[in-house]
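Novice: What follows is the file protein03.pdb, containing PDB, C-alpha atoms:
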ATOM      1  CA  MET A 300      35.618 129.305 -44.576
ATOM      2  CA  THR A 301      36.817 125.830 -45.553
ATOM      3  CA  LEU A 302      34.296 124.030 -47.761
ATOM      4  CA  LYS A 303      33.966 120.295 -48.195
ATOM      5  CA  ILE A 304      33.577 119.955 -51.989
ATOM      6  CA  VAL A 305      32.754 116.693 -53.750
ATOM      7  CA  VAL A 306      33.829 116.544 -57.393
ATOM      8  CA  PHE A 307      32.489 114.034 -59.902
ATOM      9  CA  GLY A 308      34.591 113.947 -63.086
ATOM     10  CA  ALA A 309      37.746 115.060 -61.308
ATOM     11  CA  THR A 310      40.066 113.306 -63.762
ATOM     12  CA  GLY A 311      38.655 115.017 -66.856
ATOM     13  CA  LEU A 312      39.873 118.013 -68.827
ATOM     14  CA  LEU A 313      38.339 120.622 -66.527
ATOM     15  CA  GLY A 314      38.305 118.543 -63.347
ATOM     16  CA  SER A 315      42.036 117.840 -63.349
ATOM     17  CA  SER A 316      42.723 121.599 -63.217
ATOM     18  CA  LEU A 317      39.796 122.625 -61.035
ATOM     19  CA  VAL A 318      40.567 120.135 -58.248
ATOM     20  CA  THR A 319      44.128 121.477 -57.997
ATOM     21  CA  PHE A 320      42.891 125.079 -57.952
ATOM     22  CA  LEU A 321      40.248 124.449 -55.277
ATOM     23  CA  ASN A 322      42.725 122.588 -53.056
ATOM     24  CA  LYS A 323      45.213 125.456 -53.293
ATOM     25  CA  ASN A 324      42.467 127.814 -52.141
ATOM     26  CA  GLY A 325      42.056 125.974 -48.853
ATOM     27  CA  ASN A 326      39.057 123.775 -49.619
ATOM     28  CA  GLN A 327      38.693 120.118 -48.712
ATOM     29  CA  VAL A 328      38.176 118.507 -52.118
ATOM     30  CA  ILE A 329      36.943 114.906 -52.315
ATOM     31  CA  THR A 330      36.969 113.163 -55.697
ATOM     32  CA  ILE A 331      34.485 110.451 -56.669
ATOM     33  CA  GLY A 332      34.518 108.241 -59.760
ATOM     34  CA  ARG A 333      35.167 104.806 -61.168
ATOM     35  CA  SER A 334      38.946 104.991 -61.500
ATOM     36  CA  SER A 335      41.344 104.174 -58.688
ATOM     37  CA  SER A 336      42.801 107.690 -58.912
ATOM     38  CA  ASN A 337      39.666 108.981 -57.146
ATOM     39  CA  GLN A 338      39.454 109.061 -53.359
ATOM     40  CA  HIS A 339      36.130 107.214 -53.488
ATOM     41  CA  GLN A 340      35.178 104.666 -56.155
ATOM     42  CA  CYS A 341      31.587 104.856 -57.331
ATOM     43  CA  ASN A 342      29.539 104.078 -60.432
ATOM     44  CA  ILE A 343      27.760 107.358 -61.100
ATOM     45  CA  LEU A 344      25.020 105.497 -63.004
ATOM     46  CA  ASN A 345      24.119 103.551 -59.860
ATOM     47  CA  GLN A 346      21.860 105.766 -57.765
ATOM     48  CA  ASN A 347      22.255 103.651 -54.619
ATOM     49  CA  GLU A 348      26.058 103.865 -54.772
ATOM     50  CA  VAL A 349      25.937 107.617 -55.317
ATOM     51  CA  ASP A 350      23.482 108.155 -52.456
ATOM     52  CA  GLU A 351      25.559 106.054 -50.067
ATOM     53  CA  VAL A 352      28.845 107.817 -50.722
ATOM     54  CA  LEU A 353      27.289 111.296 -50.541
ATOM     55  CA  ILE A 354      25.507 110.521 -47.260
ATOM     56  CA  ASN A 355      28.786 109.291 -45.767
ATOM     57  CA  ILE A 356      30.755 112.363 -46.922
ATOM     58  CA  ASP A 357      28.023 114.960 -46.230
ATOM     59  CA  PRO A 358      29.574 117.658 -48.501
ATOM     60  CA  ASP A 359      28.866 121.376 -48.540
ATOM     61  CA  VAL A 360      29.090 121.530 -52.334
ATOM     62  CA  ILE A 361      28.729 118.950 -55.116
ATOM     63  CA  LEU A 362      30.385 119.676 -58.482
ATOM     64  CA  ASN A 363      29.402 117.482 -61.403
ATOM     65  CA  LEU A 364      31.908 117.657 -64.277
ATOM     66  CA  VAL A 365      31.113 114.261 -65.795
ATOM     67  CA  ALA A 366      30.405 114.479 -69.518
ATOM     68  CA  LEU A 367      30.343 112.443 -72.698
ATOM     69  CA  THR A 368      31.556 115.127 -75.118
ATOM     70  CA  ASP A 369      31.914 113.220 -78.407
ATOM     71  CA  VAL A 370      29.018 114.760 -80.352
ATOM     72  CA  ASP A 371      29.040 112.076 -83.064
ATOM     73  CA  PHE A 372      29.048 109.266 -80.478
ATOM     74  CA  CYS A 373      26.140 110.915 -78.636
ATOM     75  CA  GLU A 374      24.172 111.102 -81.890
ATOM     76  CA  LYS A 375      24.651 107.363 -82.477
ATOM     77  CA  ASN A 376      24.151 106.444 -78.815
ATOM     78  CA  PRO A 377      21.457 108.764 -77.422
ATOM     79  CA  HIS A 378      20.652 106.490 -74.472
ATOM     80  CA  LYS A 379      24.276 106.539 -73.306
ATOM     81  CA  ALA A 380      24.410 110.303 -73.805
ATOM     82  CA  PHE A 381      21.346 110.798 -71.600
ATOM     83  CA  GLU A 382      22.754 108.452 -68.944
ATOM     84  CA  ILE A 383      26.012 110.359 -68.567
ATOM     85  CA  ASN A 384      25.520 113.981 -69.597
ATOM     86  CA  VAL A 385      24.107 115.857 -66.657
ATOM     87  CA  ASN A 386      26.167 119.064 -66.904
ATOM     88  CA  SER A 387      26.000 121.807 -69.508
ATOM     89  CA  SER A 388      27.523 123.335 -72.613
ATOM     90  CA  ASP A 389      27.392 126.185 -75.134
ATOM     91  CA  GLN A 390      26.013 123.657 -77.671
ATOM     92  CA  LEU A 391      22.512 124.340 -76.318
ATOM     93  CA  TYR A 392      22.365 127.410 -78.558
ATOM     94  CA  ASN A 393      21.757 127.833 -82.282
ATOM     95  CA  GLY A 394      21.160 130.743 -84.656
ATOM     96  CA  VAL A 395      22.804 134.157 -84.418
ATOM     97  CA  GLY A 396      24.520 134.967 -81.107
ATOM     98  CA  PRO A 397      25.554 136.098 -78.586
ATOM     99  CA  HIS A 398      22.863 134.010 -76.886
ATOM    100  CA  SER A 399      21.131 134.744 -73.596
ATOM    101  CA  GLU A 400      20.281 131.929 -71.179
ATOM    102  CA  GLU A 401      16.645 131.811 -72.391
ATOM    103  CA  ASN A 402      17.620 131.297 -76.044
ATOM    104  CA  VAL A 403      17.869 127.483 -75.968
ATOM    105  CA  SER A 404      17.740 125.621 -79.306
ATOM    106  CA  LEU A 405      18.430 121.874 -79.243
ATOM    107  CA  THR A 406      19.865 120.600 -82.528
ATOM    108  CA  ASN A 407      21.464 117.228 -81.696
ATOM    109  CA  TYR A 408      21.336 114.472 -79.060
ATOM    110  CA  TYR A 409      24.364 115.912 -77.290
ATOM    111  CA  ALA A 410      22.478 119.160 -76.699
ATOM    112  CA  PHE A 411      19.306 117.281 -75.708
ATOM    113  CA  SER A 412      21.212 115.252 -73.118
ATOM    114  CA  LYS A 413      22.830 118.385 -71.683
ATOM    115  CA  TYR A 414      19.489 120.153 -71.380
ATOM    116  CA  ALA A 415      17.896 117.112 -69.737
ATOM    117  CA  GLY A 416      20.670 117.266 -67.151
ATOM    118  CA  GLU A 417      19.806 120.900 -66.453
ATOM    119  CA  LEU A 418      16.167 120.017 -65.852
ATOM    120  CA  ILE A 419      17.211 117.386 -63.306
ATOM    121  CA  ALA A 420      19.660 119.711 -61.556
ATOM    122  CA  ASN A 421      17.015 122.423 -61.356
ATOM    123  CA  THR A 422      14.789 120.271 -59.142
ATOM    124  CA  VAL A 423      16.983 121.461 -56.236
ATOM    125  CA  PRO A 424      18.781 124.808 -55.697
ATOM    126  CA  SER A 425      21.657 124.520 -58.165
ATOM    127  CA  LEU A 426      24.197 126.547 -60.075
ATOM    128  CA  ILE A 427      24.292 125.548 -63.749
ATOM    129  CA  LEU A 428      27.034 126.939 -65.957
ATOM    130  CA  ARG A 429      26.866 126.877 -69.755
ATOM    131  CA  THR A 430      30.410 127.228 -70.966
ATOM    132  CA  ASN A 431      33.261 126.267 -73.272
ATOM    133  CA  PHE A 432      36.958 126.345 -72.414
ATOM    134  CA  PHE A 433      40.476 125.800 -73.731
ATOM    135  CA  GLY A 434      44.010 125.684 -72.398
ATOM    136  CA  LYS A 435      46.881 123.336 -71.676
ATOM    137  CA  SER A 436      45.484 120.076 -70.361
ATOM    138  CA  ASN A 437      46.582 118.529 -67.068
ATOM    139  CA  CYS A 438      44.718 115.363 -68.031
ATOM    140  CA  ILE A 439      46.797 112.571 -69.604
ATOM    141  CA  ASN A 440      43.912 111.129 -71.616
ATOM    142  CA  ARG A 441      42.280 114.351 -72.807
ATOM    143  CA  THR A 442      43.458 117.185 -75.008
ATOM    144  CA  SER A 443      41.868 120.600 -75.393
ATOM    145  CA  PHE A 444      41.243 122.546 -78.593
ATOM    146  CA  SER A 445      44.409 124.572 -78.008
ATOM    147  CA  ASP A 446      46.409 121.353 -77.333
ATOM    148  CA  TRP A 447      45.150 119.956 -80.628
ATOM    149  CA  LEU A 448      46.068 123.149 -82.456
ATOM    150  CA  TYR A 449      49.545 123.368 -80.931
ATOM    151  CA  LYS A 450      50.440 119.760 -81.733
ATOM    152  CA  ASN A 451      49.197 119.801 -85.318
ATOM    153  CA  ILE A 452      50.639 123.208 -86.178
ATOM    154  CA  SER A 453      53.991 122.250 -84.636
ATOM    155  CA  ASP A 454      54.004 118.906 -86.458
ATOM    156  CA  LYS A 455      53.088 120.685 -89.715
ATOM    157  CA  ASN A 456      49.968 118.557 -90.175
ATOM    158  CA  GLU A 457      47.290 119.907 -92.487
ATOM    159  CA  ILE A 458      44.281 121.055 -90.473
ATOM    160  CA  PHE A 459      40.935 122.490 -91.520
ATOM    161  CA  LEU A 460      39.480 125.418 -89.587
ATOM    162  CA  PHE A 461      35.945 126.759 -89.788
ATOM    163  CA  ASP A 462      35.482 130.441 -90.556
ATOM    164  CA  ASP A 463      31.716 130.233 -89.926
ATOM    165  CA  VAL A 464      31.680 128.525 -86.509
ATOM    166  CA  LEU A 465      31.768 131.147 -83.751
ATOM    167  CA  PHE A 466      32.403 130.631 -80.039
ATOM    168  CA  SER A 467      33.491 132.493 -76.912
ATOM    169  CA  PRO A 468      35.377 130.111 -74.611
ATOM    170  CA  LEU A 469      37.310 130.929 -71.448
ATOM    171  CA  SER A 470      40.757 129.681 -70.553
ATOM    172  CA  ILE A 471      40.682 126.779 -68.103
ATOM    173  CA  GLN A 472      42.477 128.924 -65.510
ATOM    174  CA  THR A 473      39.987 131.790 -65.743
ATOM    175  CA  LEU A 474      37.083 129.341 -65.593
ATOM    176  CA  CYS A 475      38.532 127.715 -62.451
ATOM    177  CA  GLU A 476      38.947 131.124 -60.810
ATOM    178  CA  ASN A 477      35.349 132.061 -61.550
ATOM    179  CA  ILE A 478      33.911 128.712 -60.461
ATOM    180  CA  SER A 479      35.676 129.155 -57.124
ATOM    181  CA  SER A 480      34.178 132.643 -56.723
ATOM    182  CA  LEU A 481      30.724 131.396 -57.691
ATOM    183  CA  ILE A 482      30.892 128.602 -55.111
ATOM    184  CA  SER A 483      31.777 131.100 -52.383
ATOM    185  CA  SER A 484      28.927 133.402 -53.437
ATOM    186  CA  GLU A 485      26.344 130.595 -53.052
ATOM    187  CA  ILE A 486      24.536 131.959 -56.110
ATOM    188  CA  VAL A 487      21.993 129.680 -57.849
ATOM    189  CA  GLY A 488      20.485 129.659 -61.326
ATOM    190  CA  ILE A 489      21.507 129.135 -64.944
ATOM    191  CA  PHE A 490      24.368 131.282 -66.215
ATOM    192  CA  ASN A 491      26.443 131.581 -69.356
ATOM    193  CA  ILE A 492      30.132 131.943 -68.565
ATOM    194  CA  GLY A 493      32.636 132.594 -71.309
ATOM    195  CA  SER A 494      34.718 135.349 -72.865
ATOM    196  CA  ASN A 495      33.645 138.590 -74.479
ATOM    197  CA  ASN A 496      34.211 139.398 -78.154
ATOM    198  CA  GLY A 497      34.003 135.823 -79.432
ATOM    199  CA  MET A 498      35.404 134.848 -82.806
ATOM    200  CA  SER A 499      35.448 132.077 -85.394
ATOM    201  CA  LYS A 500      37.457 128.951 -84.747
ATOM    202  CA  ALA A 501      39.635 129.886 -87.737
ATOM    203  CA  ASP A 502      40.393 133.353 -86.327
ATOM    204  CA  PHE A 503      41.103 131.758 -82.936
ATOM    205  CA  ALA A 504      43.606 129.346 -84.503
ATOM    206  CA  PHE A 505      45.464 132.027 -86.478
ATOM    207  CA  LEU A 506      45.681 134.338 -83.462
ATOM    208  CA  PHE A 507      46.919 131.424 -81.328
ATOM    209  CA  ALA A 508      49.566 130.521 -83.899
ATOM    210  CA  ASN A 509      50.676 134.137 -84.362
ATOM    211  CA  ASN A 510      51.082 134.647 -80.602
ATOM    212  CA  LEU A 511      53.421 131.648 -80.509
ATOM    213  CA  ASN A 512      55.246 132.573 -83.754
ATOM    214  CA  LEU A 513      54.164 129.288 -85.335
ATOM    215  CA  LYS A 514      53.982 129.033 -89.117
ATOM    216  CA  ASN A 515      50.426 128.673 -90.387
ATOM    217  CA  ASP A 516      51.121 127.229 -93.861
ATOM    218  CA  ASN A 517      49.269 124.002 -92.981
ATOM    219  CA  MET A 518      46.114 125.762 -91.744
ATOM    220  CA  LYS A 519      43.248 125.693 -94.256
ATOM    221  CA  VAL A 520      40.108 127.795 -93.807
ATOM    222  CA  ILE A 521      36.807 126.202 -94.857
ATOM    223  CA  SER A 522      33.086 126.384 -94.142
ATOM    224  CA  ILE A 523      31.648 123.717 -91.857
ATOM    225  CA  ALA A 524      29.219 122.898 -94.674
ATOM    226  CA  ASP A 525      32.198 121.669 -96.726
ATOM    227  CA  ALA A 526      33.580 119.474 -93.934
ATOM    228  CA  LYS A 527      32.745 115.947 -95.034
ATOM    229  CA  PHE A 528      34.268 114.557 -91.833
ATOM    230  CA  ILE A 529      31.543 116.194 -89.713
ATOM    231  CA  LYS A 530      28.780 113.608 -89.280
ATOM    232  CA  THR A 531      26.415 115.381 -86.868
ATOM    233  CA  TYR A 532      24.853 118.833 -87.135
ATOM    234  CA  ARG A 533      26.589 121.406 -84.949
ATOM    235  CA  PRO A 534      25.449 124.970 -84.277
ATOM    236  CA  LYS A 535      27.442 127.671 -86.057
ATOM    237  CA  ASP A 536      27.159 130.502 -83.544
ATOM    238  CA  MET A 537      27.752 129.529 -79.902
ATOM    239  CA  ARG A 538      28.826 132.954 -78.636
ATOM    240  CA  LEU A 539      27.457 133.637 -75.171
ATOM    241  CA  ASN A 540      25.668 136.692 -73.838
ATOM    242  CA  LEU A 541      27.378 137.287 -70.475
ATOM    243  CA  GLU A 542      25.222 140.125 -69.148
ATOM    244  CA  LYS A 543      23.442 137.984 -66.532
ATOM    245  CA  ILE A 544      26.548 136.635 -64.793
ATOM    246  CA  GLU A 545      28.503 139.895 -65.076
ATOM    247  CA  THR A 546      25.612 141.822 -63.513
ATOM    248  CA  SER A 547      24.900 139.232 -60.811
ATOM    249  CA  MET A 548      28.543 138.836 -59.767
ATOM    250  CA  LEU A 549      29.640 142.433 -60.469
ATOM    251  CA  ILE A 550      32.471 141.208 -62.703
ATOM    252  CA  SER A 551      33.790 141.850 -66.199
ATOM    253  CA  LEU A 552      34.819 138.689 -67.981
ATOM    254  CA  PRO A 553      37.876 138.963 -70.276
ATOM    255  CA  ILE A 554      37.839 139.272 -74.047
ATOM    256  CA  LEU A 555      38.778 136.144 -75.981
ATOM    257  CA  ALA A 556      41.913 137.654 -77.536
ATOM    258  CA  ASP A 557      43.326 138.288 -74.054
ATOM    259  CA  GLU A 558      42.455 134.749 -72.972
ATOM    260  CA  ILE A 559      44.382 133.386 -75.960
ATOM    261  CA  THR A 560      47.390 135.483 -74.937
ATOM    262  CA  ARG A 561      47.136 134.141 -71.372
ATOM    263  CA  VAL A 562      47.015 130.515 -72.512
ATOM    264  CA  CYS A 563      49.839 130.906 -75.021
ATOM    265  CA  LYS A 564      52.248 131.549 -72.127
ATOM    266  CA  ASP A 565      51.731 127.924 -71.058
ATOM    267  CA  TYR A 566      52.882 126.693 -74.491
ATOM    268  CA  GLU A 567      55.988 128.887 -74.827
TER     269      GLU A 567
END
Now that the file is in, can you turn its structure into structure tokens?

Specialist:
Amino acid sequence: MTLKIVVFGATGLLGSSLVTFLNKNGNQVITIGRSSSNQHQCNILNQNEVDEVLINIDPDVILNLVALTDVDFCEKNPHKAFEINVNSSDQLYNGVGPHSEENVSLTNYYAFSKYAGELIANTVPSLILRTNFFGKSNCINRTSFSDWLYKNISDKNEIFLFDDVLFSPLSIQTLCENISSLISSEIVGIFNIGSNNGMSKADFAFLFANNLNLKNDNMKVISIADAKFIKTYRPKDMRLNLEKIETSMLISLPILADEITRVCKDYE
């Protein structure tokens, strides 16, 4: 069945890949945003404009990918963070993971703004995904964690990597595939979606570099506590418990090492 899908944030890091994927799968995708590259121009902070465009389009599905992701900026500008951030993230968790969906711990304004967005979305039947992702960006103005790693390792720039910050992201491609399946399933609720067997950001970087046969002489391992350039508190363990989504969708999400291997093919 062809679905009419409205996407807010279509020009962002995830949106630029997801829109292409959904179109290829036979959906009618309609993009909405401020820039002229969108099919419909709209200020998402203006409720009247949003209501008008959605009434005219009458979509089957609305995807909101809009996000202000600069954690330090959100900490300094909490009002702006709350205005914009109405989708979700693995930064809602703190303490020892992997974390289940009920284990929310808000430690900075970025996380608060994300959680506030969830509360709003939950006033109607919604699917809320808490996630993190990486992969080669299709967005001119945005780079992913793996883009940043590839450029700096290739350019032989010194980079500092945390051995005590753990996460379990998915590749952008795998995330797009699963979002498409979730839309078709019409499932609602709050779900973690990520990879199994998460690792530290330092281990991620070394495995990424090794897969691409890149020299790692410029990669320095440190604790986040020693990173003077970090201004805002960030949780150390953001690994996700995936039992709920795997059970509900009867799927097995990939392990992170395999996702790194998949993404590395795009950089070869």

Novice: Do you know which residues the PyMOL selection byres ((chain A and resi 499) around 7) returns on this file, as number ranges by chain?

Specialist: A: 461-466, 498, 500-503

Novice: Only C-alpha atoms, please: the residues just picked out, written as a compact mmCIF listing (two decimals), in the coordinates of the input.

Specialist:
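Produced file result-v4.txt, reproduced below:
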# COMPACT_ATOMS: atom_id res chain seq x y z
CA PHE A 461 35.94 126.76 -89.79
CA ASP A 462 35.48 130.44 -90.56
CA ASP A 463 31.72 130.23 -89.93
CA VAL A 464 31.68 128.52 -86.51
CA LEU A 465 31.77 131.15 -83.75
CA PHE A 466 32.40 130.63 -80.04
CA MET A 498 35.40 134.85 -82.81
CA LYS A 500 37.46 128.95 -84.75
CA ALA A 501 39.64 129.89 -87.74
CA ASP A 502 40.39 133.35 -86.33
CA PHE A 503 41.10 131.76 -82.94

Novice: Excluding Gly394 in chain A and any residue of its chain fewer than 4 positions from it, enumerate the residues within 8 Å of it, using all atoms listed in the file, and give them as number ranges by chain.

Specialist: A: 534-536

Novice: For the atom pair CA of Ala556 in chain A and CA of Asn495 in chain A, what is the interatomic distance in Å to one decimal place?

Specialist: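 Between these atoms lies a distance of 8.9 Å.
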
Novice: Please identify all polymer residues within 7 Å of Leu428 in chain A, counting only C-alpha atoms, omitting same-chain residues fewer than 3 positions from it, and present them as a VMD selection string.

Specialist: chain A and resid 387 489 to 492

Novice: For CA of Ile329 in chain A and CA of Ile304 in chain A, quote the distance in Å rounded to one decimal.

Specialist: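 The value is 6.1 Å.
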
Novice: Which protein, DNA or RNA residues have an atom at most 6 Å from (47.8, 129.4, -79.9), counting all atoms listed in the file? List them as a list in words.

Specialist: Phe507, Ala508 and Cys563 of chain A

Novice: Atoms to include: C-alpha atoms. Write the selected residues as a CSV table (one decimal), in the frame of the given file.

Specialist:
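Generated output (again_27.csv):
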chain,number,residue,atom,x,y,z
A,507,PHE,CA,46.9,131.4,-81.3
A,508,ALA,CA,49.6,130.5,-83.9
A,563,CYS,CA,49.8,130.9,-75.0

Novice: Please measure the separation of CA of Lys514 in chain A and CA of Ile452 in chain A, giving the value in Å to one decimal.

Specialist: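 Those two atoms sit 7.3 Å apart.
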
Novice: Would you mind listing what lies within 10 Å of Ile343 in chain A as a PyMOL selection string, with only C-alpha atoms counted and same-chain residues fewer than 4 positions away left out?

Specialist: chain A and resi 307-308+331-333+347-350+365+382-383

Novice: With all atoms listed in the file as the atoms that count, which of A:Ile544, A:Ile523, A:Leu353, A:Ile482 lies nearest to Met300 in chain A?

Specialist: A:Ile482

Novice: Please write as a list in words the full residue list that the PyMOL selection byres ((chain A and resi 356) around 10) yields on this file.

Specialist: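 With the shown file as input, the PyMOL selection byres ((chain A and resi 356) around 10) matches Lys303, Ile304, Val305, Ile329, His339, Glu351, Val352, Leu353, Ile354, Asn355, Asp357, Pro358 and Asp359 of chain A.
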
Novice: Quick one: apply the PyMOL selection byres ((chain A and resi 546-553) around 10) to the file and drop the selected residues here as a list in words.

Specialist: Leu469, Ser470, Thr473, Leu474, Asn477, Ser480, Leu481, Ser484, Ile486, Phe490, Ile492, Gly493, Ser494, Asn495, Asn496, Leu541, Glu542, Lys543, Ile544, Glu545, Ile554, Leu555, Ala556, Asp557 and Glu558 of chain A

Novice: For Ala524 in chain A, which of A:Ala309, A:Leu426, A:Leu460, A:Ile439 is the closest residue, counting only C-alpha atoms?

Specialist: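 Using only C-alpha atoms, Ala524 in chain A sits closest to A:Leu460.
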
Novice: Box in all listed atoms of range 543-561 of chain A, axis-aligned, with 5 Å more on each side; write out centre and edge lengths in Å to one decimal as AutoDock Vina command-line options.

Specialist:
--center_x 35.4 --center_y 137.9 --center_z -68.7 --size_x 33.9 --size_y 19.0 --size_z 27.8

Novice: Between A:Thr560, A:Ser453, A:Ser334, A:Asn540, single out the one closest to Asp516 in chain A, counting only C-alpha atoms.

Specialist: A:Ser453

Novice: With all atoms listed in the file as the atoms that count, which of A:Met537, A:Leu317, A:Val562, A:Ile427 lies nearest to Leu506 in chain A?

Specialist: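 Comparing A:Met537, A:Leu317, A:Val562, A:Ile427 against Leu506 in chain A, the winner is A:Val562.
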
Novice: My list of candidates is A:Thr531, A:Ser315, A:Thr422, A:Thr301. Which is closest to Thr442 in chain A when distances are computed with all atoms listed in the file?

Specialist: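 Closest to Thr442 in chain A of all the choices is A:Ser315.
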
Novice: Counting all atoms listed in the file, what is within 8 Å of Ser316 in chain A, bar same-chain residues fewer than 3 positions away, as a ChimeraX atom specification?

Specialist: /A:312-313,319-320,436-437,471-472,475

Novice: From the list A:Ser336, A:Ser399, A:Ser443, A:Ser479, which residue is nearest Asn322 in chain A when using only C-alpha atoms?

Specialist: A:Ser479
